[in-house]
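J.: input.cif (mmCIF, C-alpha atoms) pasted underneath:
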```
data_input
loop_
_atom_site.group_PDB
_atom_site.id
_atom_site.type_symbol
_atom_site.label_atom_id
_atom_site.label_comp_id
_atom_site.auth_asym_id
_atom_site.auth_seq_id
_atom_site.Cartn_x
_atom_site.Cartn_y
_atom_site.Cartn_z
ATOM 1 C CA MET A 286 97.179 72.087 109.101
ATOM 2 C CA SER A 287 93.388 72.463 109.470
ATOM 3 C CA ALA A 288 93.754 71.573 113.165
ATOM 4 C CA LEU A 289 95.413 74.977 113.648
ATOM 5 C CA THR A 290 92.336 77.001 112.644
ATOM 6 C CA SER A 291 88.690 77.128 113.665
ATOM 7 C CA SER A 292 86.131 74.816 112.073
ATOM 8 C CA ASN A 293 83.273 77.363 111.945
ATOM 9 C CA ASN A 294 84.600 80.023 109.577
ATOM 10 C CA TYR A 295 84.950 78.363 106.184
ATOM 11 C CA PHE A 296 83.255 79.722 103.025
ATOM 12 C CA GLU A 297 80.111 77.652 103.679
ATOM 13 C CA ASP A 298 79.705 79.116 107.158
ATOM 14 C CA PHE A 299 78.827 82.633 105.957
ATOM 15 C CA HIS A 300 75.583 83.852 104.383
ATOM 16 C CA VAL A 301 74.834 87.094 102.567
ATOM 17 C CA GLY A 302 73.362 89.663 104.961
ATOM 18 C CA GLN A 303 74.928 88.025 108.019
ATOM 19 C CA LYS A 304 75.889 90.616 110.634
ATOM 20 C CA ILE A 305 78.712 89.870 113.045
ATOM 21 C CA ARG A 306 79.758 91.703 116.174
ATOM 22 C CA HIS A 307 83.338 90.654 116.914
ATOM 23 C CA ALA A 308 84.165 89.520 120.448
ATOM 24 C CA ARG A 309 87.177 91.696 121.203
ATOM 25 C CA GLY A 310 87.760 95.439 121.156
ATOM 26 C CA THR A 311 91.081 97.230 121.379
ATOM 27 C CA THR A 312 92.328 100.484 122.772
ATOM 28 C CA ILE A 313 94.657 102.175 120.304
ATOM 29 C CA GLY A 314 97.546 103.644 122.247
ATOM 30 C CA GLU A 315 101.064 104.831 121.607
ATOM 31 C CA VAL A 316 102.305 101.253 121.096
ATOM 32 C CA GLU A 317 99.998 100.793 118.133
ATOM 33 C CA ASN A 318 100.075 104.233 116.529
ATOM 34 C CA GLN A 319 103.612 105.371 117.250
ATOM 35 C CA LEU A 320 105.270 102.032 116.540
ATOM 36 C CA LEU A 321 103.281 101.017 113.462
ATOM 37 C CA THR A 322 102.988 104.489 111.872
ATOM 38 C CA LYS A 323 106.770 104.842 112.020
ATOM 39 C CA LEU A 324 107.311 101.194 110.976
ATOM 40 C CA VAL A 325 105.447 101.915 107.726
ATOM 41 C CA MET A 326 107.420 105.127 107.070
ATOM 42 C CA ASN A 327 104.482 107.523 107.347
ATOM 43 C CA SER A 328 106.456 110.774 107.573
ATOM 44 C CA ALA A 329 103.547 113.075 108.541
ATOM 45 C CA ASP A 330 104.486 114.278 112.025
ATOM 46 C CA GLY A 331 100.859 115.099 112.824
ATOM 47 C CA HIS A 332 100.832 111.446 113.905
ATOM 48 C CA TRP A 333 103.837 111.774 116.197
ATOM 49 C CA ASN A 334 104.523 115.415 117.198
ATOM 50 C CA GLU A 335 102.452 116.175 120.292
ATOM 51 C CA ALA A 336 103.671 119.786 120.762
ATOM 52 C CA LYS A 337 102.786 120.697 117.165
ATOM 53 C CA MET A 338 99.385 119.037 117.319
ATOM 54 C CA ALA A 339 98.580 120.681 120.679
ATOM 55 C CA LYS A 340 98.400 123.976 118.750
ATOM 56 C CA THR A 341 95.807 122.670 116.266
ATOM 57 C CA ALA A 342 92.049 122.197 116.597
ATOM 58 C CA PHE A 343 92.715 118.480 117.266
ATOM 59 C CA GLY A 344 94.774 119.341 120.350
ATOM 60 C CA GLN A 345 96.822 116.137 120.169
ATOM 61 C CA ARG A 346 98.426 113.591 117.818
ATOM 62 C CA LEU A 347 96.147 111.781 115.373
ATOM 63 C CA VAL A 348 96.175 108.035 114.854
ATOM 64 C CA PHE A 349 97.147 107.261 111.222
ATOM 65 C CA GLY A 350 93.976 106.107 109.441
ATOM 66 C CA PHE A 351 95.499 102.886 108.167
ATOM 67 C CA ILE A 352 96.506 101.900 111.701
ATOM 68 C CA THR A 353 92.850 102.310 112.693
ATOM 69 C CA ALA A 354 91.789 100.430 109.541
ATOM 70 C CA SER A 355 94.301 97.627 110.148
ATOM 71 C CA MET A 356 93.256 97.235 113.775
ATOM 72 C CA VAL A 357 89.523 97.190 112.990
ATOM 73 C CA MET A 358 90.087 94.640 110.244
ATOM 74 C CA GLY A 359 92.437 92.880 112.670
ATOM 75 C CA LEU A 360 89.623 92.580 115.228
ATOM 76 C CA ALA A 361 87.587 90.927 112.435
ATOM 77 C CA THR A 362 90.370 88.732 111.053
ATOM 78 C CA GLN A 363 90.057 85.610 113.179
ATOM 79 C CA ASP A 364 86.337 85.349 112.460
ATOM 80 C CA THR A 365 86.457 86.288 108.760
ATOM 81 C CA ALA A 366 89.926 85.365 107.454
ATOM 82 C CA GLU A 367 91.475 82.732 109.725
ATOM 83 C CA ASN A 368 90.836 80.215 106.935
ATOM 84 C CA ALA A 369 91.730 82.602 104.114
ATOM 85 C CA VAL A 370 93.599 81.467 101.020
ATOM 86 C CA LYS A 371 94.303 85.128 100.345
ATOM 87 C CA GLU A 372 92.881 88.588 100.821
ATOM 88 C CA THR A 373 92.392 90.110 97.377
ATOM 89 C CA GLY A 374 91.426 93.727 97.948
ATOM 90 C CA LEU A 375 89.696 96.568 99.753
ATOM 91 C CA ASP A 376 87.305 99.269 98.597
ATOM 92 C CA ARG A 377 85.363 102.320 99.781
ATOM 93 C CA ILE A 378 87.676 102.951 102.738
ATOM 94 C CA ARG A 379 86.435 105.970 104.704
ATOM 95 C CA PHE A 380 87.584 107.581 107.946
ATOM 96 C CA LYS A 381 84.563 109.266 109.511
ATOM 97 C CA LYS A 382 86.006 110.677 112.742
ATOM 98 C CA PRO A 383 89.533 111.277 114.032
ATOM 99 C CA VAL A 384 91.001 108.646 116.375
ATOM 100 C CA PHE A 385 93.284 109.670 119.249
ATOM 101 C CA HIS A 386 95.599 107.724 121.553
ATOM 102 C CA GLY A 387 93.460 106.099 124.215
ATOM 103 C CA ASP A 388 90.378 105.609 122.035
ATOM 104 C CA THR A 389 88.863 102.121 121.927
ATOM 105 C CA VAL A 390 87.476 100.535 118.781
ATOM 106 C CA ASN A 391 85.168 97.598 118.268
ATOM 107 C CA ALA A 392 84.596 95.872 114.933
ATOM 108 C CA PHE A 393 81.335 95.016 113.175
ATOM 109 C CA THR A 394 81.000 93.103 109.904
ATOM 110 C CA GLU A 395 78.290 92.394 107.334
ATOM 111 C CA VAL A 396 78.595 89.764 104.588
ATOM 112 C CA LEU A 397 77.874 91.652 101.337
ATOM 113 C CA SER A 398 78.259 88.869 98.757
ATOM 114 C CA LYS A 399 79.493 85.325 98.138
ATOM 115 C CA GLN A 400 80.789 84.034 94.836
ATOM 116 C CA ASP A 401 81.970 80.670 93.549
ATOM 117 C CA THR A 402 85.449 80.577 92.047
ATOM 118 C CA GLU A 403 87.040 78.287 89.448
ATOM 119 C CA ASN A 404 88.749 76.437 92.253
ATOM 120 C CA THR A 405 85.983 74.401 93.890
ATOM 121 C CA THR A 406 87.891 74.155 97.178
ATOM 122 C CA GLU A 407 87.510 77.933 97.720
ATOM 123 C CA GLY A 408 85.045 80.805 97.374
ATOM 124 C CA LEU A 409 85.159 84.599 97.287
ATOM 125 C CA ILE A 410 83.443 86.669 100.002
ATOM 126 C CA ARG A 411 82.998 90.418 100.222
ATOM 127 C CA PHE A 412 82.662 91.825 103.724
ATOM 128 C CA LYS A 413 81.862 95.319 104.938
ATOM 129 C CA HIS A 414 83.543 96.337 108.172
ATOM 130 C CA TRP A 415 82.826 99.167 110.572
ATOM 131 C CA GLY A 416 85.022 100.396 113.427
ATOM 132 C CA ILE A 417 83.088 102.039 116.251
ATOM 133 C CA ASN A 418 84.670 104.011 119.089
ATOM 134 C CA GLN A 419 83.790 104.200 122.791
ATOM 135 C CA HIS A 420 81.281 106.993 122.055
ATOM 136 C CA ASP A 421 79.400 104.741 119.570
ATOM 137 C CA GLU A 422 80.675 106.804 116.643
ATOM 138 C CA VAL A 423 81.731 105.147 113.383
ATOM 139 C CA VAL A 424 85.407 106.014 112.886
ATOM 140 C CA PHE A 425 86.135 103.667 109.968
ATOM 141 C CA GLU A 426 84.235 101.777 107.303
ATOM 142 C CA GLY A 427 85.423 99.764 104.360
ATOM 143 C CA GLU A 428 84.884 96.690 102.221
ATOM 144 C CA ARG A 429 87.259 93.750 101.988
ATOM 145 C CA THR A 430 87.319 90.734 99.679
ATOM 146 C CA VAL A 431 88.755 87.414 100.803
ATOM 147 C CA VAL A 432 89.197 84.041 99.151
ATOM 148 C CA LEU A 433 88.178 81.577 101.864
ATOM 149 C CA LYS A 434 88.706 77.839 101.919
ATOM 150 C CA ARG A 435 85.697 75.569 101.764
ATOM 151 C CA ARG A 436 85.494 73.080 104.631
ATOM 152 C CA PRO A 437 87.816 70.138 103.999
ATOM 153 C CA ALA A 438 86.165 66.704 104.137
ATOM 154 C CA THR A 439 88.036 65.826 107.316
ATOM 155 C CA HIS A 440 87.101 68.956 109.292
ATOM 156 C CA MET B 1454 118.810 130.326 126.671
ATOM 157 C CA ASN B 1455 122.578 130.632 127.127
ATOM 158 C CA VAL B 1456 124.671 133.223 125.323
ATOM 159 C CA SER B 1457 126.395 130.343 123.534
ATOM 160 C CA ASP B 1458 123.039 128.949 122.258
ATOM 161 C CA PRO B 1459 122.274 129.557 118.590
ATOM 162 C CA ASP B 1460 119.830 132.270 117.531
ATOM 163 C CA ILE B 1461 117.252 129.922 115.986
ATOM 164 C CA SER B 1462 115.425 132.804 114.294
ATOM 165 C CA GLY B 1463 118.210 132.804 111.710
ATOM 166 C CA PHE B 1464 117.717 129.152 110.750
ATOM 167 C CA GLN B 1465 115.793 128.550 107.551
ATOM 168 C CA LEU B 1466 113.035 125.938 107.511
ATOM 169 C CA TRP B 1467 113.763 123.030 105.120
ATOM 170 C CA ARG B 1468 110.196 122.382 103.984
ATOM 171 C CA ARG B 1469 108.701 118.935 103.468
ATOM 172 C CA GLY B 1470 105.496 118.079 101.661
ATOM 173 C CA GLN B 1471 103.480 119.659 98.880
ATOM 174 C CA GLN B 1472 100.336 121.709 98.611
ATOM 175 C CA PHE B 1473 97.431 121.926 96.210
ATOM 176 C CA GLU B 1474 99.151 124.287 93.774
ATOM 177 C CA ASP B 1475 102.059 121.833 93.410
ATOM 178 C CA PHE B 1476 99.909 119.188 91.670
ATOM 179 C CA THR B 1477 98.995 118.952 87.980
ATOM 180 C CA LEU B 1478 96.778 116.411 86.262
ATOM 181 C CA GLY B 1479 98.806 113.470 84.962
ATOM 182 C CA GLN B 1480 101.852 114.380 87.069
ATOM 183 C CA SER B 1481 103.737 111.309 88.241
ATOM 184 C CA PHE B 1482 105.919 110.638 91.265
ATOM 185 C CA THR B 1483 108.458 107.963 92.059
ATOM 186 C CA HIS B 1484 108.281 107.981 95.849
ATOM 187 C CA HIS B 1485 111.380 107.998 97.988
ATOM 188 C CA TRP B 1486 113.389 105.186 99.503
ATOM 189 C CA GLY B 1487 111.553 101.930 99.033
ATOM 190 C CA ARG B 1488 111.317 99.507 101.926
ATOM 191 C CA THR B 1489 112.537 95.935 102.377
ATOM 192 C CA LEU B 1490 109.891 94.162 104.452
ATOM 193 C CA THR B 1491 111.525 91.688 106.808
ATOM 194 C CA ALA B 1492 110.049 88.766 108.714
ATOM 195 C CA GLY B 1493 110.391 90.994 111.790
ATOM 196 C CA ASP B 1494 108.303 93.763 110.222
ATOM 197 C CA ALA B 1495 105.669 91.303 109.045
ATOM 198 C CA THR B 1496 105.340 89.466 112.352
ATOM 199 C CA LEU B 1497 105.377 92.681 114.396
ATOM 200 C CA PHE B 1498 102.692 94.351 112.309
ATOM 201 C CA ALA B 1499 100.414 91.305 112.060
ATOM 202 C CA SER B 1500 100.739 90.642 115.803
ATOM 203 C CA VAL B 1501 100.102 94.214 116.959
ATOM 204 C CA ALA B 1502 97.226 94.632 114.475
ATOM 205 C CA LEU B 1503 95.619 91.370 115.695
ATOM 206 C CA ARG B 1504 95.762 89.800 112.242
ATOM 207 C CA TYR B 1505 95.034 86.282 113.407
ATOM 208 C CA CYS B 1506 95.425 84.421 110.118
ATOM 209 C CA PRO B 1507 98.255 81.862 110.269
ATOM 210 C CA LEU B 1508 99.423 82.701 106.720
ATOM 211 C CA TYR B 1509 100.805 85.917 108.248
ATOM 212 C CA LEU B 1510 102.222 84.421 111.455
ATOM 213 C CA ASN B 1511 103.235 80.781 110.881
ATOM 214 C CA ALA B 1512 105.836 80.156 108.150
ATOM 215 C CA GLU B 1513 105.244 76.386 108.112
ATOM 216 C CA TYR B 1514 101.505 76.894 107.603
ATOM 217 C CA ALA B 1515 102.222 79.329 104.748
ATOM 218 C CA LYS B 1516 104.650 76.863 103.145
ATOM 219 C CA ALA B 1517 102.057 74.065 103.366
ATOM 220 C CA ALA B 1518 99.725 76.417 101.445
ATOM 221 C CA GLY B 1519 102.311 76.760 98.652
ATOM 222 C CA HIS B 1520 104.163 79.930 99.700
ATOM 223 C CA ARG B 1521 107.943 80.022 99.957
ATOM 224 C CA ASP B 1522 107.748 81.691 103.399
ATOM 225 C CA LEU B 1523 105.348 83.698 105.571
ATOM 226 C CA VAL B 1524 102.956 85.896 103.624
ATOM 227 C CA VAL B 1525 103.527 89.540 104.525
ATOM 228 C CA ASP B 1526 100.179 90.912 105.742
ATOM 229 C CA PRO B 1527 98.701 92.838 102.791
ATOM 230 C CA LEU B 1528 97.608 95.547 105.227
ATOM 231 C CA LEU B 1529 101.311 96.074 106.033
ATOM 232 C CA VAL B 1530 102.035 96.273 102.296
ATOM 233 C CA LEU B 1531 99.238 98.832 101.867
ATOM 234 C CA SER B 1532 100.259 100.884 104.919
ATOM 235 C CA THR B 1533 103.913 100.901 103.794
ATOM 236 C CA VAL B 1534 103.103 102.008 100.240
ATOM 237 C CA ILE B 1535 100.902 104.778 101.642
ATOM 238 C CA GLY B 1536 103.679 105.684 104.084
ATOM 239 C CA LEU B 1537 106.280 105.961 101.312
ATOM 240 C CA SER B 1538 103.910 108.228 99.346
ATOM 241 C CA VAL B 1539 103.047 110.604 102.196
ATOM 242 C CA GLU B 1540 105.807 113.183 101.756
ATOM 243 C CA ASP B 1541 105.089 113.649 98.040
ATOM 244 C CA LEU B 1542 101.305 113.535 98.271
ATOM 245 C CA SER B 1543 99.767 114.379 101.606
ATOM 246 C CA GLU B 1544 102.234 115.361 104.325
ATOM 247 C CA ALA B 1545 101.487 119.101 104.166
ATOM 248 C CA GLY B 1546 97.952 118.630 102.985
ATOM 249 C CA GLY B 1547 95.011 117.328 104.898
ATOM 250 C CA PRO B 1548 92.908 114.309 105.698
ATOM 251 C CA PHE B 1549 92.000 111.254 103.661
ATOM 252 C CA LEU B 1550 88.659 111.559 101.907
ATOM 253 C CA GLY B 1551 88.764 107.974 100.729
ATOM 254 C CA VAL B 1552 90.753 105.039 99.422
ATOM 255 C CA ASN B 1553 89.137 102.928 96.727
ATOM 256 C CA LYS B 1554 89.792 99.975 94.436
ATOM 257 C CA VAL B 1555 92.638 98.491 96.482
ATOM 258 C CA GLU B 1556 93.848 95.376 94.676
ATOM 259 C CA PHE B 1557 96.499 93.129 96.172
ATOM 260 C CA GLY B 1558 98.690 91.599 93.464
ATOM 261 C CA ALA B 1559 101.630 89.217 93.843
ATOM 262 C CA PRO B 1560 102.021 88.021 97.448
ATOM 263 C CA VAL B 1561 104.871 89.666 99.372
ATOM 264 C CA HIS B 1562 107.306 87.497 101.330
ATOM 265 C CA PRO B 1563 109.956 88.476 103.891
ATOM 266 C CA GLY B 1564 112.976 90.036 102.193
ATOM 267 C CA ASP B 1565 110.982 91.522 99.315
ATOM 268 C CA THR B 1566 111.622 95.198 98.578
ATOM 269 C CA ILE B 1567 108.671 97.431 97.803
ATOM 270 C CA THR B 1568 108.794 100.722 95.918
ATOM 271 C CA ALA B 1569 105.867 103.062 95.266
ATOM 272 C CA ALA B 1570 104.825 105.426 92.477
ATOM 273 C CA SER B 1571 101.756 107.605 91.955
ATOM 274 C CA THR B 1572 99.986 109.595 89.249
ATOM 275 C CA VAL B 1573 97.580 112.503 89.753
ATOM 276 C CA ILE B 1574 94.227 111.352 88.282
ATOM 277 C CA ASP B 1575 91.923 114.162 89.463
ATOM 278 C CA LEU B 1576 92.203 117.710 90.803
ATOM 279 C CA ARG B 1577 89.316 119.901 91.892
ATOM 280 C CA GLU B 1578 88.298 122.736 94.172
ATOM 281 C CA SER B 1579 86.561 122.008 97.473
ATOM 282 C CA GLU B 1580 83.182 123.785 97.631
ATOM 283 C CA SER B 1581 82.986 123.557 101.415
ATOM 284 C CA ARG B 1582 86.676 124.317 102.111
ATOM 285 C CA PRO B 1583 87.924 127.162 99.858
ATOM 286 C CA ALA B 1584 91.348 127.066 101.534
ATOM 287 C CA ALA B 1585 91.864 123.547 100.213
ATOM 288 C CA GLY B 1586 91.485 121.479 97.061
ATOM 289 C CA ILE B 1587 90.771 117.819 96.442
ATOM 290 C CA VAL B 1588 93.387 115.628 94.779
ATOM 291 C CA SER B 1589 93.135 111.974 93.703
ATOM 292 C CA TRP B 1590 96.076 109.760 92.877
ATOM 293 C CA ARG B 1591 96.518 106.260 91.516
ATOM 294 C CA THR B 1592 99.329 104.543 93.404
ATOM 295 C CA VAL B 1593 101.163 101.334 92.490
ATOM 296 C CA GLY B 1594 103.483 99.310 94.726
ATOM 297 C CA THR B 1595 106.060 97.135 92.988
ATOM 298 C CA ASN B 1596 108.445 94.420 94.199
ATOM 299 C CA GLN B 1597 112.098 93.867 93.192
ATOM 300 C CA HIS B 1598 110.960 91.738 90.214
ATOM 301 C CA GLU B 1599 108.841 94.610 88.824
ATOM 302 C CA GLU B 1600 105.656 92.751 89.770
ATOM 303 C CA THR B 1601 102.722 94.817 91.024
ATOM 304 C CA VAL B 1602 102.012 93.910 94.631
ATOM 305 C CA ILE B 1603 99.311 96.522 95.232
ATOM 306 C CA GLU B 1604 97.416 99.267 93.454
ATOM 307 C CA TYR B 1605 94.730 101.652 94.675
ATOM 308 C CA GLU B 1606 93.209 105.099 94.287
ATOM 309 C CA ARG B 1607 93.267 107.638 97.068
ATOM 310 C CA THR B 1608 91.675 111.065 97.502
ATOM 311 C CA ASN B 1609 92.737 113.685 100.031
ATOM 312 C CA LEU B 1610 91.834 117.200 100.988
ATOM 313 C CA VAL B 1611 95.019 119.187 100.229
ATOM 314 C CA ALA B 1612 95.683 122.617 101.732
ATOM 315 C CA LYS B 1613 96.384 125.504 99.404
ATOM 316 C CA ARG B 1614 99.623 127.407 99.749
ATOM 317 C CA GLN B 1615 97.911 130.646 100.748
ATOM 318 C CA SER B 1616 95.287 129.337 103.096
ATOM 319 C CA LYS B 1617 93.691 131.680 105.640
ATOM 320 C CA ARG B 1618 95.475 129.813 108.385
ATOM 321 C CA GLU B 1619 98.873 130.341 106.767
ATOM 322 C CA ARG B 1620 98.182 134.041 106.245
ATOM 323 C CA ARG B 1621 97.117 134.377 109.872
ATOM 324 C CA MET B 1622 100.178 132.498 111.110
ATOM 325 C CA SER B 1623 102.555 134.553 108.961
ATOM 326 C CA LYS B 1624 101.318 137.865 110.435
ATOM 327 C CA PRO B 1625 103.854 139.407 112.766
ATOM 328 C CA ALA B 1626 102.877 139.005 116.406
#
```
Produce structure tokens that represent the structure in this file.
T.:
Amino acid sequence: MSALTSSNNYFEDFHVGQKIRHARGTTIGEVENQLLTKLVMNSADGHWNEAKMAKTAFGQRLVFGFITASMVMGLATQDTAENAVKETGLDRIRFKKPVFHGDTVNAFTEVLSKQDTENTTEGLIRFKHWGINQHDEVVFEGERTVVLKRRPATH
Amino acid sequence: MNVSDPDISGFQLWRRGQQFEDFTLGQSFTHHWGRTLTAGDATLFASVALRYCPLYLNAEYAKAAGHRDLVVDPLLVLSTVIGLSVEDLSEAGGPFLGVNKVEFGAPVHPGDTITAASTVIDLRESESRPAAGIVSWRTVGTNQHEETVIEYERTNLVAKRQSKRERRMSKPA
């Protein structure tokens, strides 16, 4: 199965303080926010009622924060969790600016800590992620802990 | 409008959501509905959110790692539990101030049914926004076997019932 994932993103490949700019960005449009916000049963129509939101200071529908969070962490997933055993948690999730349909986010990551685990084939890593929009504003930040595989002998 | 159209001014609004005054410390909520997460949900979410980890997208890979099926992306589990809690906690309120201490518990697999419950753990006034208060909840997501699949704390700005905006909007034109 190790042939299906990259060989440069095992536990050993990261060091504390490492800063990563992820290769791909994504525009968050109606497909992402309308489809996923409704898929997860978020009933707040501020995310999907354009006429109502046109009358507010925002002027338009807001992207649900956890769609932004999921997409920013998604942009970081191949690099930081392709070889995950499991993701164990998140912390200090903050939404710093509203995100609207048509905004583009890019993902940035810093390795905060590395820890050995009882299982010597794995290790625990804590990452901090930032999502930055097309105006260079931070829209999302948050920490994420992942149990990553150590490199198998054959890889 | 046509003469046969209804006079909508006589229709009473069926309100959804709660405001700051509706919350008390220690109050608990069993959130509505629950949600069975299917393989379709899991694959759709993980694909659209670019979650390129094969545990979430390749059932054979997940089985080789000891799972009985695909692993449902924990970010889908989190987003769904938040979604189920929105009407009770934050639909009529205001923005997220933060989500902390998110712990993923038992892995979720396609076909598992998730329910959500929350408790008010903090209530305070907002110094900068007198028309709103700040509420924190602890939320737990549970599967059909009563195992915890996720828990976290969340804090939102929550509008007060008699905010300036409401008073202004309720004035006759």
J.: Report as a ChimeraX atom specification the full result of the PyMOL selection byres ((chain A) within 10 of (chain B)) when it is applied to this structure.
T.: /A:286-287,289-290,311,313,316-317,320-331,349-381,383,427-430
J.: List every protein, DNA or RNA residue that has an atom no more than 9 Å from (84.2, 100.2, 114.9) in the file's coordinate frame, counting only C-alpha atoms, and report them as a JSON list (two decimals) with C-alpha atoms, keeping the file's coordinate frame.
T.:
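Saved as out_7.json:
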```
[["chain", "number", "residue", "atom", "x", "y", "z"],
["A", 310, "GLY", "CA", 87.76, 95.44, 121.16],
["A", 357, "VAL", "CA", 89.52, 97.19, 112.99],
["A", 389, "THR", "CA", 88.86, 102.12, 121.93],
["A", 390, "VAL", "CA", 87.48, 100.54, 118.78],
["A", 391, "ASN", "CA", 85.17, 97.60, 118.27],
["A", 392, "ALA", "CA", 84.60, 95.87, 114.93],
["A", 393, "PHE", "CA", 81.33, 95.02, 113.18],
["A", 414, "HIS", "CA", 83.54, 96.34, 108.17],
["A", 415, "TRP", "CA", 82.83, 99.17, 110.57],
["A", 416, "GLY", "CA", 85.02, 100.40, 113.43],
["A", 417, "ILE", "CA", 83.09, 102.04, 116.25],
["A", 418, "ASN", "CA", 84.67, 104.01, 119.09],
["A", 419, "GLN", "CA", 83.79, 104.20, 122.79],
["A", 421, "ASP", "CA", 79.40, 104.74, 119.57],
["A", 422, "GLU", "CA", 80.68, 106.80, 116.64],
["A", 423, "VAL", "CA", 81.73, 105.15, 113.38],
["A", 424, "VAL", "CA", 85.41, 106.01, 112.89],
["A", 425, "PHE", "CA", 86.14, 103.67, 109.97],
["A", 426, "GLU", "CA", 84.24, 101.78, 107.30]]
```
J.: Between CA of Glu1578 in chain B and CA of Leu1478 in chain B, what distance in Å does the model show, to one decimal?
T.: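 Separation between CA of Glu1578 in chain B and CA of Leu1478 in chain B: 13.2 Å.
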J.: Calculate, to one decimal in Å, the centre and edge lengths of the box along x, y and z of the file that holds all listed atoms of range 1454-1464 of chain B with 3 Å of margin on each side, and present them as JSON.
T.:
```
{"center_x": 120.9, "center_y": 131.1, "center_z": 118.9, "size_x": 17.0, "size_y": 10.3, "size_z": 22.4}
```
J.: As an exercise, work out the distance from CA of His332 in chain A to CA of Gln345 in chain A in Å and give it to one decimal place.
T.: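 The value is 8.8 Å.
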J.: As an exercise, work out the distance from CA of Ala1612 in chain B to CA of Glu315 in chain A in Å and give it to one decimal place.
T.: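 CA of Glu315 in chain A lies 27.2 Å from CA of Ala1612 in chain B.
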J.: Given the PyMOL selection byres ((chain A and resi 335) around 12) and the file above, list the residues it selects as a ChimeraX atom specification.
T.: /A:315,319,330-334,336-341,343-348,385-386
J.: Do a neighbour search on range 395-407 of chain A at 8 Å with all atoms listed in the file, toss out local chain neighbours closer than 5 positions, and write the hits as a list of chain:residue names.
T.: A:Phe296, A:Phe299, A:His300, A:Val301, A:Gly302, A:Gln303, A:Lys304, A:Ile305, A:Val370, A:Phe412, A:Lys413, A:His414, A:Val432, A:Leu433, A:Lys434, A:Arg435, A:Arg436, A:Pro437
J.: Which residues match the PyMOL selection byres ((chain B and resi 1590) around 8) in the file above, as a PDB file with C-alpha atoms, keeping the file's coordinate frame?
T.:
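After the write, part-v4.pdb holds the following:
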```pdb
ATOM      1  CA  SER B1571     101.756 107.605  91.955  1.00  0.00           C
ATOM      2  CA  THR B1572      99.986 109.595  89.249  1.00  0.00           C
ATOM      3  CA  VAL B1573      97.580 112.503  89.753  1.00  0.00           C
ATOM      4  CA  ILE B1574      94.227 111.352  88.282  1.00  0.00           C
ATOM      5  CA  ASP B1575      91.923 114.162  89.463  1.00  0.00           C
ATOM      6  CA  VAL B1588      93.387 115.628  94.779  1.00  0.00           C
ATOM      7  CA  SER B1589      93.135 111.974  93.703  1.00  0.00           C
ATOM      8  CA  ARG B1591      96.518 106.260  91.516  1.00  0.00           C
ATOM      9  CA  THR B1592      99.329 104.543  93.404  1.00  0.00           C
ATOM     10  CA  GLU B1606      93.209 105.099  94.287  1.00  0.00           C
ATOM     11  CA  ARG B1607      93.267 107.638  97.068  1.00  0.00           C
ATOM     12  CA  THR B1608      91.675 111.065  97.502  1.00  0.00           C
TER      13      THR B1608
END
```
J.: Which residue out of B:Val1525, B:Leu1542, B:Thr1489, B:Ser1579 has the minimum interatomic distance to Gly1564 in chain B when all atoms listed in the file are used?
T.: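 Of B:Val1525, B:Leu1542, B:Thr1489, B:Ser1579, the one nearest Gly1564 in chain B, counting all atoms listed in the file, is B:Thr1489.
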J.: Which is closest to Ser292 in chain A among A:Ala438, A:Gly314, A:Thr394, A:His420, if we use all atoms listed in the file?
T.: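 Closest residue, counting all atoms listed in the file: A:Ala438.
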